[in-house]
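Undergrad: One structure coming up, written as structure tokens, with questions to follow.
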Amino acid sequence: VLVMVELKSYVRDIPDFPKPGILFRDITPLLASPTAFQAAIDRFASHYSQEKIDVIVAAEARGFIFAAPLA
């Protein structure tokens with residue numbers, strides 16, 4: 001069951017981090033909320049539910065956080 005959660009409200013924009021001109025997207029609030037995190041995983045899974053997927057590749061430091069529950 002998909003819970004309708006406005007995920008964008010759980011992502012903070014941090015301008016000029018780590019240096020000027022870069023907009024860092026902080027997902028810490030999303031990870032801190034079990035409801036929001038579950039909604040994000042559910043949306044990923046729903047989006048690809050009709051695909052035949054054998055492997056999930058999780059690139060970079062934050063990718064593995066989402067890949068494990070999706071697998």
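Every chain in the structure tokens takes a letter, A first, then B, and so on in the order presented; its residues are numbered from 1, and the ligands are numbered from 1 following the presented order.
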May I have the residues within 9 Å of A:Phe24 as number ranges by chain, using only C-alpha atoms and disregarding those fewer than 3 positions away in the same chain?
TA: A: 12-18
Undergrad: Keeping N, CA, C and O atoms, export the residues of the selection given above as an mmCIF file, in the first residue's frame.
TA:
data_model
loop_
_atom_site.group_PDB
_atom_site.id
_atom_site.type_symbol
_atom_site.label_atom_id
_atom_site.label_comp_id
_atom_site.auth_asym_id
_atom_site.auth_seq_id
_atom_site.Cartn_x
_atom_site.Cartn_y
_atom_site.Cartn_z
ATOM 1 N N ARG A 12 16.333 18.558 2.319
ATOM 2 C CA ARG A 12 16.752 19.946 2.548
ATOM 3 C C ARG A 12 17.745 20.374 1.478
ATOM 4 O O ARG A 12 18.625 19.603 1.095
ATOM 5 N N ASP A 13 17.602 21.601 1.023
ATOM 6 C CA ASP A 13 18.578 22.200 0.108
ATOM 7 C C ASP A 13 19.585 22.980 0.934
ATOM 8 O O ASP A 13 19.206 23.827 1.742
ATOM 9 N N ILE A 14 20.860 22.693 0.712
ATOM 10 C CA ILE A 14 21.924 23.425 1.399
ATOM 11 C C ILE A 14 22.786 24.065 0.320
ATOM 12 O O ILE A 14 23.628 23.407 -0.303
ATOM 13 N N PRO A 15 22.551 25.362 0.074
ATOM 14 C CA PRO A 15 23.306 26.040 -0.984
ATOM 15 C C PRO A 15 24.777 26.239 -0.604
ATOM 16 O O PRO A 15 25.118 26.367 0.578
ATOM 17 N N ASP A 16 25.600 26.236 -1.626
ATOM 18 C CA ASP A 16 27.032 26.510 -1.479
ATOM 19 C C ASP A 16 27.747 25.528 -0.551
ATOM 20 O O ASP A 16 28.663 25.908 0.178
ATOM 21 N N PHE A 17 27.321 24.277 -0.584
ATOM 22 C CA PHE A 17 27.999 23.252 0.197
ATOM 23 C C PHE A 17 28.338 22.095 -0.731
ATOM 24 O O PHE A 17 27.480 21.630 -1.475
ATOM 25 N N PRO A 18 29.533 21.622 -0.747
ATOM 26 C CA PRO A 18 30.656 21.950 0.116
ATOM 27 C C PRO A 18 31.469 23.164 -0.344
ATOM 28 O O PRO A 18 32.405 23.579 0.335
#
Undergrad: With only C-alpha atoms as the counted atoms, please give the residues lying no more than 9 Å from stretch 65-70 of chain A, apart from itself and same-chain residues fewer than 4 positions off, as a PyMOL selection string.
TA: chain A and resi 31+37+40-42+44-45+56-58+61
Undergrad: If DSSP is run on the backbone, what residues of chain A are strand (DSSP E)? A reply as a list of chain:residue names would be ideal.
TA: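 Taking chain A and keeping strand (DSSP E) only, one gets A:Arg12, A:Asp13, A:Ile14, A:Pro15, A:Leu23, A:Phe24, A:Arg25, A:Asp26.
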Undergrad: Interatomic distance between atom CA of A:Ile22 and atom CA of A:Ser9?
TA: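 It comes out at 19.8 Å.
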Undergrad: Could you write out, as a CSV table (one decimal) with C-alpha atoms, in the first residue's frame, all the residues of chain A that DSSP marks as alpha helix (DSSP H)?
TA:
chain,number,residue,atom,x,y,z
A,28,THR,CA,18.9,13.1,6.4
A,29,PRO,CA,15.3,14.1,7.3
A,30,LEU,CA,14.0,11.5,4.9
A,31,LEU,CA,16.2,8.8,6.5
A,32,ALA,CA,15.1,9.9,10.0
A,34,PRO,CA,10.4,5.8,8.9
A,35,THR,CA,7.2,6.8,7.2
A,36,ALA,CA,8.9,8.9,4.6
A,37,PHE,CA,11.7,6.4,4.0
A,38,GLN,CA,9.1,3.6,3.5
A,39,ALA,CA,7.2,5.8,1.1
A,40,ALA,CA,10.4,6.4,-0.9
A,41,ILE,CA,11.1,2.7,-1.1
A,42,ASP,CA,7.5,1.9,-2.0
A,43,ARG,CA,7.6,4.5,-4.8
A,44,PHE,CA,10.9,3.1,-6.3
A,45,ALA,CA,9.4,-0.4,-6.2
A,46,SER,CA,6.1,0.7,-7.7
A,47,HIS,CA,7.8,2.6,-10.5
A,60,GLU,CA,27.8,6.3,-4.2
A,61,ALA,CA,27.4,6.7,-0.5
A,62,ARG,CA,23.7,7.2,-0.3
A,63,GLY,CA,22.8,4.6,-3.0
A,64,PHE,CA,23.3,1.5,-0.8
A,65,ILE,CA,20.8,2.9,1.7
A,66,PHE,CA,18.0,2.5,-0.9
A,67,ALA,CA,19.3,-0.5,-2.8
A,68,ALA,CA,19.2,-2.9,0.2
A,69,PRO,CA,15.5,-2.6,0.9
A,70,LEU,CA,14.7,-2.6,-2.8
